[in-house]
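**Q** Here it is, the structure, as C-alpha cells.
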Amino acid sequence: MGILAVVTEVFAVLSVLLVATLWAVVGTEQLRVAVGDVSARLRMAVGPVGVLAAVLAVNSIVRDVGVSVSWIIGLNITDEIYAIEGAVVGALQSAVPTWLIYYFGYVYVYGYVFLLIFPLLAALVTARRRLLRRTAFAYTINYAVGMTCYLLFVAYGPRNTVTVVEPLLFDLLPRFQLLTSEVNANTNVFPSLHTSLSATAALLAVDAHETFPRWTPIAVFLATSIVLSTMVLGIHWVTDVAAGLVLAAGSVWLVRSPRVRSLRRSITGRVRG
C-alpha cells in the first residue's frame with residue numbers, strides 16, 4: 001500500500017467521524033445555518049487558522065532540515081532519559097493484550113487527527129470566534145515550543161533504544177509507517193506532541209463544556225487513549241509524556257491569560273487584514 005492509499009484511507013475515516021460527531025454534538029440546525037452562511041464562517045477562520053497554518057508551514061521546513069541542525073546545536077538526552085526510566089515502557093507493552101494494541105494503533109493515527117480537527121470545525125460551524133481563536137492559538141504554542149525543543153534536544157524513542165521495546169505500531173499496522181515517516185523523525189520525541197496537543201484539546205473541551213457538553217467526555221477519553229498509545233506503541237518515553245502534559249497545561253494557561261488574549265486578537269487581526 002502506497003502513501004496515497006494510506007492518506008485516502010485516513011481522509012475517508014476522518015470524514016465519517018467528523019460528520020457523525022458534528023451531527024451528534026453540534027446538531028442539524030446549527031449545521032444548516034452554517035451551510036447557509038459559509039462565507040462568513042470562512043472569513044472568521046482566516047486570522048486564527050492562518051496563524052496556525054503559518055506555524056505548521058515553518059514546522060514542516062524545520063522538520064526537513066531540523067535533524068541535521070539538531071545534531072549540531074542540540075543536546076542528546078537519550079541516555080539520561082533511559083537512565084531514569086529503564087524498561088518501564090517495555091513492561092507496559094508486555095501488560096497490554098494484542099487486541100488492545102490494535103486499538104491504540106488506530107487511535108494514535110485516526111483518533112489523534114480527529115481530536116485536533118473537530119474543535120476547530122465545531123467552533124467554525126457554530127461561529128464561536130473566541131473558541132476558534134483560543135484553540136488555534138493553543139495549538140500554535142504547542143507546535144512552536146515542540147519545534148524549538150526538537151532543535152535543542154536529540155532524543156530517540158524507546159523503540160530505538162531499549163531492546164525489550166517493540167515498534168508495535170509498525171509491526172501490527174505497517175502501512176502507517178508510510179504516513180508517520182512523512183511528518184516526524186526518530187530523534188523528535190521530547191516532548192511528545194501527540195500528548196501535548198491531545199491534552200490541550202481535552203482541557204479546552206472541559207473549558208467549553210457548556211457550549212459542547214457531548215464533546216467533553218469524547219475528548220477526554222480520546223486524549224487519555226492517545227497519551228497511553230504513545231507509550232504502549234513504544235514511540236515515547238514516560239518523560240516525553242510528562243513534558244507533553246506540562247506543555248499542554250502551559251499552552252491552555254497562556255490562552256486564558258487576558259494579556260495573551262489581547263495579543264492573540266492583535267495577531268489574528270493583522271492576518272485577517
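Lettering and numbering for the C-alpha cells are positional, with chains as A, B, ... in the shown order, residues counted from 1 in each chain, and ligands counted from 1 in the shown order.
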Select from region 60-195 of chain A everything DSSP, run on the backbone, classes as strand (DSSP E or B), then give the selection as a PDB file with N, CA and C atoms, in the first residue's frame.

**A**
ATOM      1  N   LEU A  75      21.389  18.885  22.347  1.00  0.00           N
ATOM      2  CA  LEU A  75      21.940  18.055  23.412  1.00  0.00           C
ATOM      3  C   LEU A  75      21.267  16.687  23.338  1.00  0.00           C
ATOM      4  N   ASN A  76      22.044  15.636  23.221  1.00  0.00           N
ATOM      5  CA  ASN A  76      21.493  14.282  23.162  1.00  0.00           C
ATOM      6  C   ASN A  76      21.133  13.829  24.577  1.00  0.00           C
ATOM      7  N   PHE A 153      17.085  19.509  21.529  1.00  0.00           N
ATOM      8  CA  PHE A 153      17.321  18.209  22.162  1.00  0.00           C
ATOM      9  C   PHE A 153      17.243  17.076  21.133  1.00  0.00           C
ATOM     10  N   VAL A 154      18.218  16.203  21.186  1.00  0.00           N
ATOM     11  CA  VAL A 154      18.197  14.969  20.394  1.00  0.00           C
ATOM     12  C   VAL A 154      17.756  13.852  21.327  1.00  0.00           C
TER      13      VAL A 154
END

**Q** What's around Thr211 (chain A) at 10 Å? Count only C-alpha atoms, leave out sequence neighbours fewer than 6 positions away in its own chain, and write the answer as a list in words.

**A**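 These residues fall inside the cut-off: Val25, Val26, Ala123, Thr126, Arg128, Leu131 and Ala205 of chain A.
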
**Q** Would you output that residue set with all heavy atoms, as a JSON list (two decimals), in the first residue's frame?

**A**
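Saved to again.json:
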[["chain", "number", "residue", "atom", "x", "y", "z"],
["A", 25, "VAL", "N", -22.96, 16.27, 18.18],
["A", 25, "VAL", "CA", -22.53, 17.26, 19.16],
["A", 25, "VAL", "C", -23.09, 18.64, 18.87],
["A", 25, "VAL", "O", -23.58, 19.34, 19.77],
["A", 25, "VAL", "CB", -20.98, 17.33, 19.21],
["A", 25, "VAL", "CG1", -20.50, 18.49, 20.08],
["A", 25, "VAL", "CG2", -20.42, 16.01, 19.74],
["A", 26, "VAL", "N", -23.04, 19.05, 17.61],
["A", 26, "VAL", "CA", -23.48, 20.40, 17.23],
["A", 26, "VAL", "C", -24.97, 20.43, 16.91],
["A", 26, "VAL", "O", -25.67, 21.36, 17.29],
["A", 26, "VAL", "CB", -22.64, 20.90, 16.03],
["A", 26, "VAL", "CG1", -23.18, 22.24, 15.53],
["A", 26, "VAL", "CG2", -21.17, 21.04, 16.44],
["A", 123, "ALA", "N", -16.15, 24.94, 16.32],
["A", 123, "ALA", "CA", -16.15, 26.39, 16.59],
["A", 123, "ALA", "C", -16.49, 27.17, 15.33],
["A", 123, "ALA", "O", -17.21, 28.18, 15.38],
["A", 123, "ALA", "CB", -14.79, 26.81, 17.13],
["A", 126, "THR", "N", -20.32, 26.72, 14.47],
["A", 126, "THR", "CA", -21.21, 27.42, 15.40],
["A", 126, "THR", "C", -20.85, 28.89, 15.59],
["A", 126, "THR", "O", -21.44, 29.57, 16.43],
["A", 126, "THR", "CB", -21.17, 26.73, 16.78],
["A", 126, "THR", "OG1", -19.83, 26.68, 17.25],
["A", 126, "THR", "CG2", -21.73, 25.31, 16.67],
["A", 128, "ARG", "N", -18.27, 30.30, 16.95],
["A", 128, "ARG", "CA", -17.69, 30.63, 18.25],
["A", 128, "ARG", "C", -16.28, 31.18, 18.02],
["A", 128, "ARG", "O", -15.30, 30.47, 18.08],
["A", 128, "ARG", "CB", -17.64, 29.40, 19.15],
["A", 128, "ARG", "CG", -18.98, 28.80, 19.50],
["A", 128, "ARG", "CD", -19.82, 29.75, 20.35],
["A", 128, "ARG", "NE", -20.93, 29.10, 21.02],
["A", 128, "ARG", "CZ", -22.09, 28.79, 20.48],
["A", 128, "ARG", "NH1", -22.32, 29.07, 19.19],
["A", 128, "ARG", "NH2", -23.06, 28.21, 21.18],
["A", 131, "LEU", "N", -13.66, 30.70, 20.85],
["A", 131, "LEU", "CA", -13.21, 29.31, 20.98],
["A", 131, "LEU", "C", -12.27, 28.95, 19.83],
["A", 131, "LEU", "O", -11.28, 28.24, 20.03],
["A", 131, "LEU", "CB", -14.41, 28.37, 21.00],
["A", 131, "LEU", "CG", -14.10, 26.87, 21.14],
["A", 131, "LEU", "CD1", -13.30, 26.61, 22.40],
["A", 131, "LEU", "CD2", -15.40, 26.07, 21.15],
["A", 205, "ALA", "N", -11.77, 21.32, 25.78],
["A", 205, "ALA", "CA", -13.11, 20.74, 25.76],
["A", 205, "ALA", "C", -13.79, 20.89, 27.11],
["A", 205, "ALA", "O", -15.00, 21.17, 27.19],
["A", 205, "ALA", "CB", -13.04, 19.27, 25.36]]

**Q** For Tyr110 (chain A), which residue among A:Ala144, A:Leu197, A:Leu203, A:Val13 is the nearest when counting only C-alpha atoms?

**A**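 Between A:Ala144, A:Leu197, A:Leu203, A:Val13, the residue approaching Tyr110 (chain A) most closely is A:Val13.
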
**Q** Write out as a list of chain:residue names the residues lying within 9 Å of Met231 (chain A), counting only C-alpha atoms and excluding same-chain residues fewer than 6 positions away.

**A**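 After dropping sequence-adjacent residues, the list is A:Val89, A:Gly90, A:Leu92, A:Gln93, A:Pro158, A:Trp237, A:Val238, A:Val241.
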
**Q** So that I have them on file, write out the residues from the current selection with all heavy atoms, as an mmCIF file, in the first residue's frame.

**A**
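Listing of result02.cif after writing:
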data_model
loop_
_atom_site.group_PDB
_atom_site.id
_atom_site.type_symbol
_atom_site.label_atom_id
_atom_site.label_comp_id
_atom_site.auth_asym_id
_atom_site.auth_seq_id
_atom_site.Cartn_x
_atom_site.Cartn_y
_atom_site.Cartn_z
ATOM 1 N N VAL A 89 8.633 1.346 29.688
ATOM 2 C CA VAL A 89 7.768 1.230 28.508
ATOM 3 C C VAL A 89 7.660 -0.226 28.066
ATOM 4 O O VAL A 89 6.586 -0.692 27.671
ATOM 5 C CB VAL A 89 8.298 2.115 27.363
ATOM 6 C CG1 VAL A 89 7.511 1.858 26.078
ATOM 7 C CG2 VAL A 89 8.198 3.589 27.748
ATOM 8 N N GLY A 90 8.751 -0.975 28.148
ATOM 9 C CA GLY A 90 8.720 -2.387 27.806
ATOM 10 C C GLY A 90 7.778 -3.167 28.712
ATOM 11 O O GLY A 90 7.039 -4.049 28.260
ATOM 12 N N LEU A 92 5.203 -1.932 30.246
ATOM 13 C CA LEU A 92 3.844 -1.519 29.881
ATOM 14 C C LEU A 92 3.370 -2.293 28.651
ATOM 15 O O LEU A 92 2.224 -2.769 28.604
ATOM 16 C CB LEU A 92 3.814 -0.017 29.622
ATOM 17 C CG LEU A 92 2.461 0.600 29.232
ATOM 18 C CD1 LEU A 92 1.445 0.394 30.345
ATOM 19 C CD2 LEU A 92 2.621 2.086 28.923
ATOM 20 N N GLN A 93 4.240 -2.416 27.663
ATOM 21 C CA GLN A 93 3.882 -3.168 26.458
ATOM 22 C C GLN A 93 3.510 -4.610 26.787
ATOM 23 O O GLN A 93 2.526 -5.151 26.269
ATOM 24 C CB GLN A 93 5.045 -3.170 25.465
ATOM 25 C CG GLN A 93 5.191 -1.908 24.645
ATOM 26 C CD GLN A 93 6.194 -2.078 23.519
ATOM 27 O OE1 GLN A 93 7.057 -2.960 23.552
ATOM 28 N NE2 GLN A 93 6.102 -1.222 22.515
ATOM 29 N N PRO A 158 11.929 4.980 22.910
ATOM 30 C CA PRO A 158 12.275 3.674 23.491
ATOM 31 C C PRO A 158 12.358 2.552 22.465
ATOM 32 O O PRO A 158 13.150 1.625 22.628
ATOM 33 C CB PRO A 158 11.147 3.431 24.510
ATOM 34 C CG PRO A 158 10.060 4.379 24.142
ATOM 35 C CD PRO A 158 10.718 5.555 23.519
ATOM 36 N N TRP A 237 8.798 7.933 25.584
ATOM 37 C CA TRP A 237 9.110 7.651 26.976
ATOM 38 C C TRP A 237 8.051 8.282 27.884
ATOM 39 O O TRP A 237 7.329 9.205 27.470
ATOM 40 C CB TRP A 237 10.468 8.237 27.353
ATOM 41 C CG TRP A 237 11.624 7.853 26.510
ATOM 42 C CD1 TRP A 237 12.085 8.505 25.408
ATOM 43 C CD2 TRP A 237 12.498 6.728 26.703
ATOM 44 N NE1 TRP A 237 13.196 7.867 24.898
ATOM 45 C CE2 TRP A 237 13.473 6.772 25.665
ATOM 46 C CE3 TRP A 237 12.560 5.704 27.649
ATOM 47 C CZ2 TRP A 237 14.481 5.825 25.564
ATOM 48 C CZ3 TRP A 237 13.568 4.754 27.554
ATOM 49 C CH2 TRP A 237 14.510 4.819 26.518
ATOM 50 N N VAL A 238 8.015 7.815 29.120
ATOM 51 C CA VAL A 238 7.159 8.462 30.117
ATOM 52 C C VAL A 238 7.586 9.913 30.302
ATOM 53 O O VAL A 238 6.755 10.807 30.489
ATOM 54 C CB VAL A 238 7.235 7.708 31.469
ATOM 55 C CG1 VAL A 238 6.379 8.413 32.517
ATOM 56 C CG2 VAL A 238 6.784 6.264 31.306
ATOM 57 N N VAL A 241 6.026 12.078 27.708
ATOM 58 C CA VAL A 241 4.609 12.272 28.002
ATOM 59 C C VAL A 241 4.431 13.309 29.110
ATOM 60 O O VAL A 241 3.579 14.201 29.016
ATOM 61 C CB VAL A 241 3.954 10.931 28.396
ATOM 62 C CG1 VAL A 241 2.555 11.148 28.969
ATOM 63 C CG2 VAL A 241 3.887 10.005 27.184
#

**Q** Among region 20-263 of chain A, which ones does DSSP place in alpha helix (DSSP H), written as a VMD selection string?

**A** chain A and resid 20 to 25 28 to 36 38 to 73 78 to 85 88 to 95 98 to 106 112 to 125 129 to 152 168 to 172 176 to 183 193 to 207 215 to 232 238 to 256 258 to 263

**Q** I'd like the contact shell of Ala83 (chain A) - 12 Å cut-off, only C-alpha atoms, skipping same-chain residues fewer than 3 positions apart - returned as a PDB file with all heavy atoms, in the first residue's frame.

**A**
ATOM      1  N   ILE A  77      19.847  13.696  24.847  1.00  0.00           N
ATOM      2  CA  ILE A  77      19.392  13.363  26.197  1.00  0.00           C
ATOM      3  C   ILE A  77      18.835  11.937  26.278  1.00  0.00           C
ATOM      4  O   ILE A  77      18.232  11.574  27.299  1.00  0.00           O
ATOM      5  CB  ILE A  77      18.316  14.363  26.676  1.00  0.00           C
ATOM      6  CG1 ILE A  77      17.110  14.350  25.737  1.00  0.00           C
ATOM      7  CG2 ILE A  77      18.910  15.758  26.801  1.00  0.00           C
ATOM      8  CD1 ILE A  77      15.949  15.203  26.235  1.00  0.00           C
ATOM      9  N   THR A  78      19.054  11.146  25.246  1.00  0.00           N
ATOM     10  CA  THR A  78      18.506   9.791  25.218  1.00  0.00           C
ATOM     11  C   THR A  78      19.009   8.951  26.392  1.00  0.00           C
ATOM     12  O   THR A  78      18.228   8.285  27.080  1.00  0.00           O
ATOM     13  CB  THR A  78      18.860   9.087  23.897  1.00  0.00           C
ATOM     14  OG1 THR A  78      18.493   9.913  22.797  1.00  0.00           O
ATOM     15  CG2 THR A  78      18.144   7.754  23.789  1.00  0.00           C
ATOM     16  N   ASP A  79      20.310   8.968  26.635  1.00  0.00           N
ATOM     17  CA  ASP A  79      20.887   8.159  27.716  1.00  0.00           C
ATOM     18  C   ASP A  79      20.365   8.597  29.081  1.00  0.00           C
ATOM     19  O   ASP A  79      20.138   7.768  29.970  1.00  0.00           O
ATOM     20  CB  ASP A  79      22.414   8.245  27.692  1.00  0.00           C
ATOM     21  CG  ASP A  79      23.016   7.534  26.491  1.00  0.00           C
ATOM     22  OD1 ASP A  79      22.313   6.696  25.883  1.00  0.00           O
ATOM     23  OD2 ASP A  79      24.184   7.827  26.162  1.00  0.00           O
ATOM     24  N   GLU A  80      20.186   9.894  29.248  1.00  0.00           N
ATOM     25  CA  GLU A  80      19.687  10.400  30.526  1.00  0.00           C
ATOM     26  C   GLU A  80      18.251   9.925  30.777  1.00  0.00           C
ATOM     27  O   GLU A  80      17.895   9.540  31.899  1.00  0.00           O
ATOM     28  CB  GLU A  80      19.736  11.933  30.550  1.00  0.00           C
ATOM     29  CG  GLU A  80      21.116  12.523  30.752  1.00  0.00           C
ATOM     30  CD  GLU A  80      22.016  12.409  29.525  1.00  0.00           C
ATOM     31  OE1 GLU A  80      21.482  12.108  28.437  1.00  0.00           O
ATOM     32  OE2 GLU A  80      23.242  12.611  29.668  1.00  0.00           O
ATOM     33  N   GLY A  86      14.645   3.325  32.411  1.00  0.00           N
ATOM     34  CA  GLY A  86      14.941   1.926  32.135  1.00  0.00           C
ATOM     35  C   GLY A  86      13.917   1.325  31.179  1.00  0.00           C
ATOM     36  O   GLY A  86      13.587   1.913  30.156  1.00  0.00           O
ATOM     37  N   ALA A  87      13.370   0.171  31.542  1.00  0.00           N
ATOM     38  CA  ALA A  87      12.467  -0.566  30.661  1.00  0.00           C
ATOM     39  C   ALA A  87      11.001  -0.423  31.056  1.00  0.00           C
ATOM     40  O   ALA A  87      10.198  -1.350  30.875  1.00  0.00           O
ATOM     41  CB  ALA A  87      12.856  -2.030  30.627  1.00  0.00           C
ATOM     42  N   VAL A  88      10.635   0.737  31.596  1.00  0.00           N
ATOM     43  CA  VAL A  88       9.249   0.954  32.013  1.00  0.00           C
ATOM     44  C   VAL A  88       8.292   0.769  30.832  1.00  0.00           C
ATOM     45  O   VAL A  88       7.246   0.124  30.963  1.00  0.00           O
ATOM     46  CB  VAL A  88       9.079   2.362  32.622  1.00  0.00           C
ATOM     47  CG1 VAL A  88       7.610   2.665  32.867  1.00  0.00           C
ATOM     48  CG2 VAL A  88       9.858   2.479  33.916  1.00  0.00           C
ATOM     49  N   PRO A 158      11.929   4.980  22.910  1.00  0.00           N
ATOM     50  CA  PRO A 158      12.275   3.674  23.491  1.00  0.00           C
ATOM     51  C   PRO A 158      12.358   2.552  22.465  1.00  0.00           C
ATOM     52  O   PRO A 158      13.150   1.625  22.628  1.00  0.00           O
ATOM     53  CB  PRO A 158      11.147   3.431  24.510  1.00  0.00           C
ATOM     54  CG  PRO A 158      10.060   4.379  24.142  1.00  0.00           C
ATOM     55  CD  PRO A 158      10.718   5.555  23.519  1.00  0.00           C
ATOM     56  N   THR A 161      15.810   2.409  21.327  1.00  0.00           N
ATOM     57  CA  THR A 161      16.840   2.411  22.369  1.00  0.00           C
ATOM     58  C   THR A 161      16.846   1.144  23.215  1.00  0.00           C
ATOM     59  O   THR A 161      17.916   0.592  23.498  1.00  0.00           O
ATOM     60  CB  THR A 161      16.636   3.631  23.302  1.00  0.00           C
ATOM     61  OG1 THR A 161      16.571   4.820  22.529  1.00  0.00           O
ATOM     62  CG2 THR A 161      17.763   3.740  24.311  1.00  0.00           C
ATOM     63  N   VAL A 162      15.674   0.684  23.618  1.00  0.00           N
ATOM     64  CA  VAL A 162      15.556  -0.434  24.553  1.00  0.00           C
ATOM     65  C   VAL A 162      15.238  -1.716  23.784  1.00  0.00           C
ATOM     66  O   VAL A 162      14.257  -1.768  23.032  1.00  0.00           O
ATOM     67  CB  VAL A 162      14.458  -0.161  25.600  1.00  0.00           C
ATOM     68  CG1 VAL A 162      14.447  -1.272  26.660  1.00  0.00           C
ATOM     69  CG2 VAL A 162      14.667   1.201  26.260  1.00  0.00           C
ATOM     70  N   TRP A 237       8.798   7.933  25.584  1.00  0.00           N
ATOM     71  CA  TRP A 237       9.110   7.651  26.976  1.00  0.00           C
ATOM     72  C   TRP A 237       8.051   8.282  27.884  1.00  0.00           C
ATOM     73  O   TRP A 237       7.329   9.205  27.470  1.00  0.00           O
ATOM     74  CB  TRP A 237      10.468   8.237  27.353  1.00  0.00           C
ATOM     75  CG  TRP A 237      11.624   7.853  26.510  1.00  0.00           C
ATOM     76  CD1 TRP A 237      12.085   8.505  25.408  1.00  0.00           C
ATOM     77  CD2 TRP A 237      12.498   6.728  26.703  1.00  0.00           C
ATOM     78  NE1 TRP A 237      13.196   7.867  24.898  1.00  0.00           N
ATOM     79  CE2 TRP A 237      13.473   6.772  25.665  1.00  0.00           C
ATOM     80  CE3 TRP A 237      12.560   5.704  27.649  1.00  0.00           C
ATOM     81  CZ2 TRP A 237      14.481   5.825  25.564  1.00  0.00           C
ATOM     82  CZ3 TRP A 237      13.568   4.754  27.554  1.00  0.00           C
ATOM     83  CH2 TRP A 237      14.510   4.819  26.518  1.00  0.00           C
ATOM     84  N   THR A 239       8.873  10.172  30.214  1.00  0.00           N
ATOM     85  CA  THR A 239       9.403  11.535  30.334  1.00  0.00           C
ATOM     86  C   THR A 239       8.845  12.441  29.243  1.00  0.00           C
ATOM     87  O   THR A 239       8.482  13.599  29.507  1.00  0.00           O
ATOM     88  CB  THR A 239      10.944  11.518  30.255  1.00  0.00           C
ATOM     89  OG1 THR A 239      11.458  10.688  31.280  1.00  0.00           O
ATOM     90  CG2 THR A 239      11.511  12.923  30.401  1.00  0.00           C
TER      91      THR A 239
END

**Q** For the interface of region 104-187 of chain A with region 42-45 of chain A (cut-off 10 Å, counting only C-alpha atoms), please tabulate each contacting residue of region 104-187 of chain A alongside its nearest pair of atoms and their separation in Å to one decimal, rows sorted by chain and increasing number, as JSON lines.

**A**
{"residue": "A:Leu120", "atom": "CA", "partner": "A:Ala45", "partner_atom": "CA", "distance": 9.0}
{"residue": "A:Leu121", "atom": "CA", "partner": "A:Ala45", "partner_atom": "CA", "distance": 9.7}
{"residue": "A:Ala123", "atom": "CA", "partner": "A:Ala45", "partner_atom": "CA", "distance": 9.4}
{"residue": "A:Leu124", "atom": "CA", "partner": "A:Ala45", "partner_atom": "CA", "distance": 6.9}
{"residue": "A:Val125", "atom": "CA", "partner": "A:Leu42", "partner_atom": "CA", "distance": 9.5}
{"residue": "A:Ala127", "atom": "CA", "partner": "A:Met44", "partner_atom": "CA", "distance": 7.8}
{"residue": "A:Arg128", "atom": "CA", "partner": "A:Met44", "partner_atom": "CA", "distance": 9.2}
{"residue": "A:Arg129", "atom": "CA", "partner": "A:Met44", "partner_atom": "CA", "distance": 6.9}
{"residue": "A:Leu132", "atom": "CA", "partner": "A:Ala45", "partner_atom": "CA", "distance": 7.6}
{"residue": "A:Arg133", "atom": "CA", "partner": "A:Ala45", "partner_atom": "CA", "distance": 8.4}
{"residue": "A:Ala136", "atom": "CA", "partner": "A:Ala45", "partner_atom": "CA", "distance": 9.6}

**Q** Write the residues of the selection above to a file with C-alpha atoms, as a tab-separated table (two decimals), in the first residue's frame.

**A**
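The result, stored in again.tsv:
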chain	number	residue	atom	x	y	z
A	120	LEU	CA	-11.74	23.91	15.16
A	121	LEU	CA	-14.53	22.66	12.92
A	123	ALA	CA	-16.15	26.39	16.59
A	124	LEU	CA	-16.27	27.37	12.93
A	125	VAL	CA	-19.68	25.81	12.31
A	127	ALA	CA	-19.45	30.78	14.87
A	128	ARG	CA	-17.69	30.63	18.25
A	129	ARG	CA	-14.94	33.09	17.39
A	132	LEU	CA	-11.72	29.15	17.48
A	133	ARG	CA	-9.03	31.68	18.38
A	136	ALA	CA	-5.83	27.66	17.16

**Q** Tell me which of A:Ala138, A:Leu173, A:Leu179, A:Val58 sits closest to Thr8 (chain A), counting only C-alpha atoms.

**A**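 Comparing A:Ala138, A:Leu173, A:Leu179, A:Val58 against Thr8 (chain A), the winner is A:Leu179.
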
**Q** Return the single residue from A:Val16, A:Ala185, A:Val7, A:Val255 that is closest to Arg130 (chain A), with distances computed using only C-alpha atoms.

**A** A:Val255

**Q** Have a look at A:Ala91, A:Leu152, A:Ile73, A:Leu254 and name the one nearest to Val165 (chain A); count only C-alpha atoms.

**A**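 Nearest candidate to Val165 (chain A) out of A:Ala91, A:Leu152, A:Ile73, A:Leu254: A:Ala91.
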
**Q** Between A:Ile3, A:Val107, A:Gln30, A:Met147, single out the one closest to Val55 (chain A), counting only C-alpha atoms.

**A**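 Smallest separation from Val55 (chain A) among the options: A:Met147.
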
**Q** Could you check how far CA of Ala201 (chain A) sits from CA of Thr216 (chain A), in Å to one decimal?

**A**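 Between these atoms lies a distance of 9.5 Å.
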
**Q** Expressed in Å to a single decimal, how great is the separation between CA of Ala199 (chain A) and CA of Val227 (chain A)?

**A** 8.0 Å

**Q** List the spatial neighbours of Phe170 (chain A) as a PyMOL selection string - criterion: any atom at most 12 Å away, only C-alpha atoms, same-chain residues fewer than 4 positions off excluded.

**A** chain A and resi 101-102+105-106+108-109+159+166+174-181+233-235

**Q** Write the selection just made, keeping N, CA, C and O atoms, as a short mmCIF file (atom, residue, chain, number, x, y, z; two decimals), in the first residue's frame?

**A**
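Below you can see selection-v3.cif, which holds the result:
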data_model
loop_
_atom_site.label_atom_id
_atom_site.label_comp_id
_atom_site.auth_asym_id
_atom_site.auth_seq_id
_atom_site.Cartn_x
_atom_site.Cartn_y
_atom_site.Cartn_z
N ILE A 101 -3.70 -3.44 21.62
CA ILE A 101 -2.63 -2.75 20.89
C ILE A 101 -3.15 -2.27 19.54
O ILE A 101 -2.81 -1.17 19.09
N TYR A 102 -4.00 -3.08 18.89
CA TYR A 102 -4.61 -2.64 17.63
C TYR A 102 -5.44 -1.37 17.86
O TYR A 102 -5.40 -0.43 17.05
N GLY A 105 -3.17 1.52 18.20
CA GLY A 105 -2.59 1.88 16.90
C GLY A 105 -3.51 2.75 16.09
O GLY A 105 -3.11 3.78 15.52
N TYR A 106 -4.78 2.37 16.04
CA TYR A 106 -5.74 3.16 15.27
C TYR A 106 -6.04 4.50 15.93
O TYR A 106 -6.19 5.52 15.25
N TYR A 108 -3.99 6.19 17.75
CA TYR A 108 -2.80 7.02 17.61
C TYR A 108 -2.83 7.80 16.29
O TYR A 108 -2.37 8.94 16.22
N VAL A 109 -3.39 7.17 15.25
CA VAL A 109 -3.45 7.82 13.93
C VAL A 109 -4.79 8.51 13.72
O VAL A 109 -4.86 9.74 13.59
N ARG A 159 11.57 2.62 21.40
CA ARG A 159 11.63 1.55 20.39
C ARG A 159 12.97 1.54 19.66
O ARG A 159 13.34 0.54 19.05
N GLU A 166 9.21 -3.08 21.58
CA GLU A 166 8.94 -3.38 20.18
C GLU A 166 8.25 -2.20 19.50
O GLU A 166 7.44 -1.50 20.12
N PRO A 174 1.76 -1.89 9.61
CA PRO A 174 2.93 -1.35 8.92
C PRO A 174 2.62 -0.22 7.94
O PRO A 174 3.49 0.61 7.67
N ARG A 175 1.40 -0.18 7.41
CA ARG A 175 1.08 0.87 6.43
C ARG A 175 1.16 2.27 7.03
O ARG A 175 1.41 3.25 6.32
N PHE A 176 0.97 2.39 8.34
CA PHE A 176 1.01 3.70 8.96
C PHE A 176 2.43 4.27 9.04
O PHE A 176 2.60 5.46 9.28
N GLN A 177 3.42 3.43 8.84
CA GLN A 177 4.80 3.92 8.83
C GLN A 177 5.03 4.86 7.66
O GLN A 177 5.81 5.81 7.75
N LEU A 178 4.32 4.61 6.56
CA LEU A 178 4.42 5.50 5.40
C LEU A 178 3.97 6.91 5.75
O LEU A 178 4.53 7.90 5.26
N LEU A 179 2.95 6.99 6.61
CA LEU A 179 2.40 8.28 6.99
C LEU A 179 3.25 8.97 8.05
O LEU A 179 3.59 10.15 7.92
N THR A 180 3.60 8.24 9.11
CA THR A 180 4.35 8.85 10.20
C THR A 180 5.75 9.28 9.79
O THR A 180 6.28 10.27 10.31
N SER A 181 6.34 8.56 8.83
CA SER A 181 7.69 8.93 8.38
C SER A 181 7.70 10.25 7.63
O SER A 181 8.74 10.89 7.51
N LEU A 233 2.81 1.80 22.28
CA LEU A 233 3.36 1.51 20.95
C LEU A 233 4.88 1.66 20.90
O LEU A 233 5.49 1.43 19.86
N GLY A 234 5.48 2.09 22.01
CA GLY A 234 6.94 2.20 22.08
C GLY A 234 7.51 3.43 21.43
O GLY A 234 8.71 3.50 21.14
N ILE A 235 6.66 4.42 21.19
CA ILE A 235 7.10 5.63 20.47
C ILE A 235 7.71 6.67 21.42
O ILE A 235 8.70 7.32 21.09
#

**Q** Could you check the closest approach to Leu151 (chain A) for each of A:Val113, A:Val69, A:Ala223, A:Leu228 and tell me which residue wins, using only C-alpha atoms?

**A**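 Answer, going by the shortest atom-to-atom distance: A:Val69.
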
**Q** May I ask for the distance between CA of Phe114 (chain A) and CA of Leu14 (chain A), given in Å to one decimal place?

**A**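 Result for CA of Phe114 (chain A) versus CA of Leu14 (chain A): 6.2 Å, one decimal.
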